[in-house]
Amino acid sequence: MAIRAHLDWAKNYVVEQVLREALNYMDRNPEENFPKLLQVARLLARQEGHKRQIQQVLEAYRQNPSIRAYVHRLFDLHPNVKQRLIFNWFVHAMLLGIPKQQQVAKETGVHIPNFFLLDPTSACNLRCQGCWAGEYEKHHSLDLELVDRLCREAKEVGIYWLVLSGGEPFCWPHLVEMAARHPDMAFMVYTNGTLIDEKMADQLLEVGNLSPAISLEGWREATDARRGPGVFDKVMRAMDLMRERGLAFGASLTITRHNVEEVTSEEFVDFLIQKGVLYVWSFHYIPIGRQPQPELMVTPEQRAYLVERVNYIRTHKPLMWADFWNDGQLTLGCIAGGRRYFHITASGDVEPCAFAHFTLDNIKEKSLMEVLQSPLMKAYQERQPFCENLLRPCPIIDVPQALREIVAVTGARPTHPGAETILEGPLAQYLDQHSARWAQVADRLWEEIQSKKRAEELTASP
């Protein structure tokens with residue numbers, strides 16, 4: 001075992017050094033040398049799936065001007081960000097981390113996710129309407145040593161990507177120190193952005209491996225209506241500070257039936273790119289947390305529009321965009337329950353998803369490997385995908401009966417008062433009706449997608 005561990009370390013060291021040199025070489029002429037970097041990465045990739053994905057990226061880079069423009073945006077980042085955040089995510093978290101996760105899973109029988117979401121604190125300097133975390137108690141905070149332990153345990157099983165939320169993570173006083181303690185990891189932070197001033201922007205540049213994803217609802221009127229007067233302008237200032245320093249940052253958009261066209265408009269998308277946003281996470285509003293408002297959920301027709309619109313943005317704009325629910329066809333279903341990720345609250349409760357507020361375990365009492373073996377995680381994984389139509393991946397809004405069964409079978413408890421309302425009562429009835437309406441639209445759309453795919457395969461076959 002010790003000999004194999006030493007050999008694995010040596011192989012990883014060689015791969016890292018080769019790719020670091022290739023990255024430095026590419027800086028001299030990104031347009032000419034990026035394909036060469038991908039060829040090197042393809043040769044060093046250990047999995048055939050990764051080799052195919054790298055080849056697909058190479059072909060997209062050669063054929064799509066927007067992809068080329070996006071890659072060049074990445075290489076305009078500060079060298080410290082490229083050498084830490086970008087390198088850690090691509091090499092440690094993906095090329096080396098995923099094979100390690102699969103190796104550990106094979107040896108232990110425990111499925112290892114790609115990352116997990118951690119709330120270091122439940123404290124927040126804002127009080128946004130409809131906040132998904134709005135009903136958690138506000139006095140919880142995790143000790144730095146506990147988070148440090150989690151990072152060490154994560155790397156032991158191949159997880160080098162950690163996402164943080166809250167509360168407001170920048171209210172946690174140890175955020176930058178945590179990232180500095182683990183320079184081989186990549187960190188992404190969901191934040192309202194209002195606490196990123198000149199001093200914080202300088203600290204983010206120094207540490208290099210931490211990327212903020214700032215929450216927006218659209219333009220000033222929509223954002224301030226939900227988050228408070230003046231928030232939009234503070235976010236714009238934070239983006240300017242980070243862009244000027246060459247930091248990598250993104251935007252997190254909560255999409256409702258009122259702002260769906262606004263946040264996906266040509267004008268708004270171009271504005272985000274101009275401000276320096278490199279990636280977007282879009283979340284369809286789910287009626288959980290503070291004062292749930294089911295009437296804010298996107299309509300089935302709007303959700304179908306998003307399938308087409310987000311795909312258009314991805315192929316026509318120099319911007320990476322992930323749509324948390326509609327991308328089930330890319331992730332092969334729901335990613336929660338430890339399949340790809342899980343959630344740890346500021347009180348230490350381990351939830352299968354940031355939007356499914358139920359638990360059996362607390363990370364303060366168990367190791368990372370122990371909570372991954374939870375009956376709650378296993379119940380999720382045994383049922384995934386929850387629907388053969390991958391446009392209906394979610395056990396909360398697409399197949400709500402699935403979450404009820406999981407909670408009933410495992411005896412999972414709510415992590416805050418009111419979390420159980422998505423399982424029974426008026427809100428649960430609304431989710432049943434809403435999911436049924438989406439099923440009618442999604443099933444037609446899914447058949448169209450599959451028919452098109454079959455036609456393309458026939459055309460491509462000799």
# chains A, B, ... in the order shown; residues from 1 in each chain; ligands from 1
call {"tool": "residues_around", "arguments": {"residues": "Ile335 in chain A", "least_positions_apart": "5", "cutoff": "10 Å", "atoms": "only C-alpha atoms", "output": "MDAnalysis selection string"}}
result
chainID A and resid 113:114 324:325 328 340:342 352:353 380:381 384:385 393:394
call {"tool": "write_last_selection", "arguments": {"atoms": "N, CA and C atoms", "output": "CSV table (one decimal), in the first residue's frame"}}
result
chain,number,residue,atom,x,y,z
A,113,PRO,N,-18.2,11.9,-4.1
A,113,PRO,CA,-18.7,12.9,-5.0
A,113,PRO,C,-17.5,13.8,-5.5
A,114,ASN,N,-17.8,14.6,-6.5
A,114,ASN,CA,-16.8,15.5,-7.1
A,114,ASN,C,-16.4,16.7,-6.2
A,324,PHE,N,-28.8,25.0,-13.2
A,324,PHE,CA,-28.8,23.9,-12.2
A,324,PHE,C,-29.8,22.8,-12.4
A,325,TRP,N,-31.0,23.1,-12.9
A,325,TRP,CA,-32.0,22.1,-13.1
A,325,TRP,C,-32.1,21.6,-14.6
A,328,GLY,N,-29.8,18.7,-16.4
A,328,GLY,CA,-29.8,17.3,-16.0
A,328,GLY,C,-29.4,16.4,-17.2
A,340,ARG,N,-22.8,13.6,-7.0
A,340,ARG,CA,-21.7,14.6,-7.4
A,340,ARG,C,-21.4,15.6,-6.3
A,341,TYR,N,-22.4,15.8,-5.4
A,341,TYR,CA,-22.2,16.8,-4.3
A,341,TYR,C,-23.2,16.5,-3.2
A,342,PHE,N,-22.9,17.1,-2.0
A,342,PHE,CA,-23.9,17.2,-0.9
A,342,PHE,C,-23.6,18.5,-0.2
A,352,PRO,N,-28.6,16.2,1.8
A,352,PRO,CA,-28.3,15.7,0.5
A,352,PRO,C,-28.2,16.8,-0.6
A,353,CYS,N,-28.8,17.9,-0.3
A,353,CYS,CA,-28.8,19.0,-1.3
A,353,CYS,C,-29.1,20.3,-0.5
A,380,TYR,N,-30.7,8.3,-1.8
A,380,TYR,CA,-30.7,9.2,-3.0
A,380,TYR,C,-30.1,8.4,-4.2
A,381,GLN,N,-28.9,7.9,-4.0
A,381,GLN,CA,-28.2,7.3,-5.1
A,381,GLN,C,-28.9,6.1,-5.7
A,384,GLN,N,-31.4,7.4,-8.3
A,384,GLN,CA,-31.0,8.3,-9.3
A,384,GLN,C,-30.7,7.5,-10.6
A,385,PRO,N,-31.1,8.0,-11.8
A,385,PRO,CA,-31.9,9.3,-12.0
A,385,PRO,C,-33.3,9.0,-11.5
A,393,PRO,N,-34.9,16.1,-13.5
A,393,PRO,CA,-34.0,15.4,-12.7
A,393,PRO,C,-34.3,15.6,-11.2
A,394,CYS,N,-35.0,16.6,-10.8
A,394,CYS,CA,-35.1,17.0,-9.4
A,394,CYS,C,-36.1,16.3,-8.5
call {"tool": "residues_around", "arguments": {"residues": "Phe249 in chain A", "least_positions_apart": "2", "cutoff": "8 Å", "atoms": "only C-alpha atoms", "output": "PyMOL selection string"}}
result
chain A and resi 211-214+242+247+251+276-279
call {"tool": "write_last_selection", "arguments": {"atoms": "N, CA, C and O atoms", "output": "compact mmCIF listing (two decimals), in the first residue's frame"}}
result
# COMPACT_ATOMS: atom_id res chain seq x y z
N SER A 211 -12.67 31.87 -5.84
CA SER A 211 -13.44 32.59 -6.84
C SER A 211 -14.84 32.92 -6.32
O SER A 211 -15.63 32.02 -6.05
N PRO A 212 -15.19 34.21 -6.20
CA PRO A 212 -16.55 34.58 -5.78
C PRO A 212 -17.55 34.44 -6.92
O PRO A 212 -17.25 34.77 -8.07
N ALA A 213 -18.74 33.96 -6.60
CA ALA A 213 -19.88 33.95 -7.53
C ALA A 213 -20.95 34.84 -6.90
O ALA A 213 -21.56 34.47 -5.89
N ILE A 214 -21.16 36.01 -7.49
CA ILE A 214 -21.97 37.05 -6.85
C ILE A 214 -23.43 36.95 -7.28
O ILE A 214 -23.74 36.84 -8.47
N MET A 242 -12.41 43.44 -8.78
CA MET A 242 -11.87 42.12 -9.11
C MET A 242 -11.39 42.05 -10.56
O MET A 242 -10.35 41.45 -10.85
N LEU A 247 -8.85 38.92 -11.31
CA LEU A 247 -9.43 37.81 -10.55
C LEU A 247 -10.49 37.09 -11.37
O LEU A 247 -11.12 37.66 -12.25
N ALA A 251 -21.21 34.93 -11.60
CA ALA A 251 -22.49 35.47 -11.11
C ALA A 251 -23.42 34.31 -10.82
O ALA A 251 -23.38 33.27 -11.49
N GLY A 276 -16.64 41.51 -16.48
CA GLY A 276 -15.58 40.57 -16.14
C GLY A 276 -16.06 39.21 -15.66
O GLY A 276 -15.25 38.37 -15.29
N VAL A 277 -17.38 38.99 -15.67
CA VAL A 277 -17.93 37.70 -15.22
C VAL A 277 -17.48 36.59 -16.17
O VAL A 277 -17.63 36.70 -17.39
N LEU A 278 -16.92 35.52 -15.60
CA LEU A 278 -16.42 34.39 -16.39
C LEU A 278 -17.40 33.24 -16.46
O LEU A 278 -17.35 32.44 -17.39
N TYR A 279 -18.27 33.11 -15.46
CA TYR A 279 -19.21 31.99 -15.43
C TYR A 279 -20.49 32.41 -14.72
O TYR A 279 -20.50 33.35 -13.93
call {"tool": "closest_residue", "arguments": {"among": "A:Leu427, A:Ala408, A:Met185, A:Leu77", "to": "Phe90 in chain A", "atoms": "only C-alpha atoms"}}
result
A:Met185
call {"tool": "residues_around", "arguments": {"residues": "Phe355 in chain A", "least_positions_apart": "6", "cutoff": "12 Å", "atoms": "only C-alpha atoms", "output": "ChimeraX atom specification"}}
result
/A:117,131-135,283-289,324-325,336-337,342-345,394-397,403,414-415,419-420,422
call {"tool": "select_by_dssp", "arguments": {"residues": "range 134-259 of chain A", "states": "strand (DSSP E or B)", "output": "list in words"}}
result
Ser141, Trp161, Leu162, Val163, Leu164, Ala186, Phe187, Met188, Val189, Tyr190, Thr191, Leu210, Ser211, Pro212, Ala213, Ile214, Ser215, Leu216, Gly250, Ala251, Ser252, Leu253, Thr254 and Ile255 of chain A
call {"tool": "write_last_selection", "arguments": {"atoms": "N, CA and C atoms", "output": "PDB file, in the first residue's frame"}}
result
ATOM      1  N   SER A 141     -21.756  28.860  13.334  1.00  0.00           N
ATOM      2  CA  SER A 141     -20.518  29.070  12.604  1.00  0.00           C
ATOM      3  C   SER A 141     -19.611  27.877  12.833  1.00  0.00           C
ATOM      4  N   TRP A 161     -12.125  20.288  -4.908  1.00  0.00           N
ATOM      5  CA  TRP A 161     -12.995  21.420  -5.230  1.00  0.00           C
ATOM      6  C   TRP A 161     -14.025  21.559  -4.123  1.00  0.00           C
ATOM      7  N   LEU A 162     -14.050  22.717  -3.471  1.00  0.00           N
ATOM      8  CA  LEU A 162     -14.983  22.973  -2.378  1.00  0.00           C
ATOM      9  C   LEU A 162     -15.748  24.259  -2.680  1.00  0.00           C
ATOM     10  N   VAL A 163     -17.070  24.191  -2.558  1.00  0.00           N
ATOM     11  CA  VAL A 163     -17.933  25.347  -2.791  1.00  0.00           C
ATOM     12  C   VAL A 163     -18.475  25.815  -1.449  1.00  0.00           C
ATOM     13  N   LEU A 164     -18.489  27.125  -1.222  1.00  0.00           N
ATOM     14  CA  LEU A 164     -18.962  27.681   0.038  1.00  0.00           C
ATOM     15  C   LEU A 164     -20.158  28.588  -0.180  1.00  0.00           C
ATOM     16  N   ALA A 186      -9.255  24.238  -5.177  1.00  0.00           N
ATOM     17  CA  ALA A 186      -9.989  25.335  -5.810  1.00  0.00           C
ATOM     18  C   ALA A 186     -11.254  25.588  -4.997  1.00  0.00           C
ATOM     19  N   PHE A 187     -11.510  26.848  -4.673  1.00  0.00           N
ATOM     20  CA  PHE A 187     -12.672  27.224  -3.873  1.00  0.00           C
ATOM     21  C   PHE A 187     -13.556  28.192  -4.657  1.00  0.00           C
ATOM     22  N   MET A 188     -14.866  27.940  -4.654  1.00  0.00           N
ATOM     23  CA  MET A 188     -15.826  28.885  -5.202  1.00  0.00           C
ATOM     24  C   MET A 188     -16.769  29.308  -4.082  1.00  0.00           C
ATOM     25  N   VAL A 189     -17.095  30.604  -4.040  1.00  0.00           N
ATOM     26  CA  VAL A 189     -17.868  31.145  -2.927  1.00  0.00           C
ATOM     27  C   VAL A 189     -19.107  31.856  -3.449  1.00  0.00           C
ATOM     28  N   TYR A 190     -20.294  31.345  -3.104  1.00  0.00           N
ATOM     29  CA  TYR A 190     -21.532  32.070  -3.373  1.00  0.00           C
ATOM     30  C   TYR A 190     -21.636  33.217  -2.379  1.00  0.00           C
ATOM     31  N   THR A 191     -21.753  34.436  -2.889  1.00  0.00           N
ATOM     32  CA  THR A 191     -21.695  35.613  -2.033  1.00  0.00           C
ATOM     33  C   THR A 191     -22.616  36.705  -2.561  1.00  0.00           C
ATOM     34  N   LEU A 210      -9.401  31.271  -4.857  1.00  0.00           N
ATOM     35  CA  LEU A 210     -10.763  31.452  -4.368  1.00  0.00           C
ATOM     36  C   LEU A 210     -11.520  32.347  -5.342  1.00  0.00           C
ATOM     37  N   SER A 211     -12.670  31.866  -5.836  1.00  0.00           N
ATOM     38  CA  SER A 211     -13.440  32.594  -6.842  1.00  0.00           C
ATOM     39  C   SER A 211     -14.838  32.921  -6.322  1.00  0.00           C
ATOM     40  N   PRO A 212     -15.193  34.205  -6.197  1.00  0.00           N
ATOM     41  CA  PRO A 212     -16.546  34.583  -5.777  1.00  0.00           C
ATOM     42  C   PRO A 212     -17.552  34.445  -6.921  1.00  0.00           C
ATOM     43  N   ALA A 213     -18.736  33.958  -6.604  1.00  0.00           N
ATOM     44  CA  ALA A 213     -19.880  33.947  -7.527  1.00  0.00           C
ATOM     45  C   ALA A 213     -20.946  34.841  -6.903  1.00  0.00           C
ATOM     46  N   ILE A 214     -21.160  36.006  -7.488  1.00  0.00           N
ATOM     47  CA  ILE A 214     -21.971  37.046  -6.850  1.00  0.00           C
ATOM     48  C   ILE A 214     -23.433  36.952  -7.281  1.00  0.00           C
ATOM     49  N   SER A 215     -24.322  37.023  -6.317  1.00  0.00           N
ATOM     50  CA  SER A 215     -25.757  36.878  -6.569  1.00  0.00           C
ATOM     51  C   SER A 215     -26.345  38.142  -7.181  1.00  0.00           C
ATOM     52  N   LEU A 216     -27.160  37.942  -8.221  1.00  0.00           N
ATOM     53  CA  LEU A 216     -27.887  39.027  -8.873  1.00  0.00           C
ATOM     54  C   LEU A 216     -29.278  38.525  -9.260  1.00  0.00           C
ATOM     55  N   GLY A 250     -17.638  34.929 -10.890  1.00  0.00           N
ATOM     56  CA  GLY A 250     -18.836  34.621 -11.649  1.00  0.00           C
ATOM     57  C   GLY A 250     -20.050  35.324 -11.080  1.00  0.00           C
ATOM     58  N   ALA A 251     -21.211  34.933 -11.597  1.00  0.00           N
ATOM     59  CA  ALA A 251     -22.487  35.466 -11.113  1.00  0.00           C
ATOM     60  C   ALA A 251     -23.422  34.306 -10.819  1.00  0.00           C
ATOM     61  N   SER A 252     -24.239  34.472  -9.805  1.00  0.00           N
ATOM     62  CA  SER A 252     -25.250  33.484  -9.436  1.00  0.00           C
ATOM     63  C   SER A 252     -26.615  34.138  -9.600  1.00  0.00           C
ATOM     64  N   LEU A 253     -27.433  33.606 -10.511  1.00  0.00           N
ATOM     65  CA  LEU A 253     -28.722  34.209 -10.842  1.00  0.00           C
ATOM     66  C   LEU A 253     -29.872  33.342 -10.356  1.00  0.00           C
ATOM     67  N   THR A 254     -30.752  33.913  -9.548  1.00  0.00           N
ATOM     68  CA  THR A 254     -31.988  33.238  -9.174  1.00  0.00           C
ATOM     69  C   THR A 254     -33.056  33.645 -10.182  1.00  0.00           C
ATOM     70  N   ILE A 255     -33.557  32.670 -10.944  1.00  0.00           N
ATOM     71  CA  ILE A 255     -34.503  32.968 -12.010  1.00  0.00           C
ATOM     72  C   ILE A 255     -35.935  32.710 -11.534  1.00  0.00           C
TER      73      ILE A 255
END
call {"tool": "atom_distance", "arguments": {"atom1": "CA of His111 in chain A", "atom2": "CA of Gln17 in chain A"}}
result
29.4 Å
call {"tool": "select_by_dssp", "arguments": {"residues": "range 229-276 of chain A", "states": "helix (DSSP H, G or I)", "output": "PyMOL selection string"}}
result
chain A and resi 231-245+260-263+266-275
call {"tool": "atom_distance", "arguments": {"atom1": "CA of Ala60 in chain A", "atom2": "CA of Leu330 in chain A"}}
result
16.5 Å
call {"tool": "residues_around", "arguments": {"residues": "range 219-223 of chain A", "least_positions_apart": "3", "cutoff": "12 Å", "atoms": "only C-alpha atoms", "output": "PyMOL selection string"}}
result
chain A and resi 128-129+192+214-216+226-236+252-256+258-265+267-269+271-272
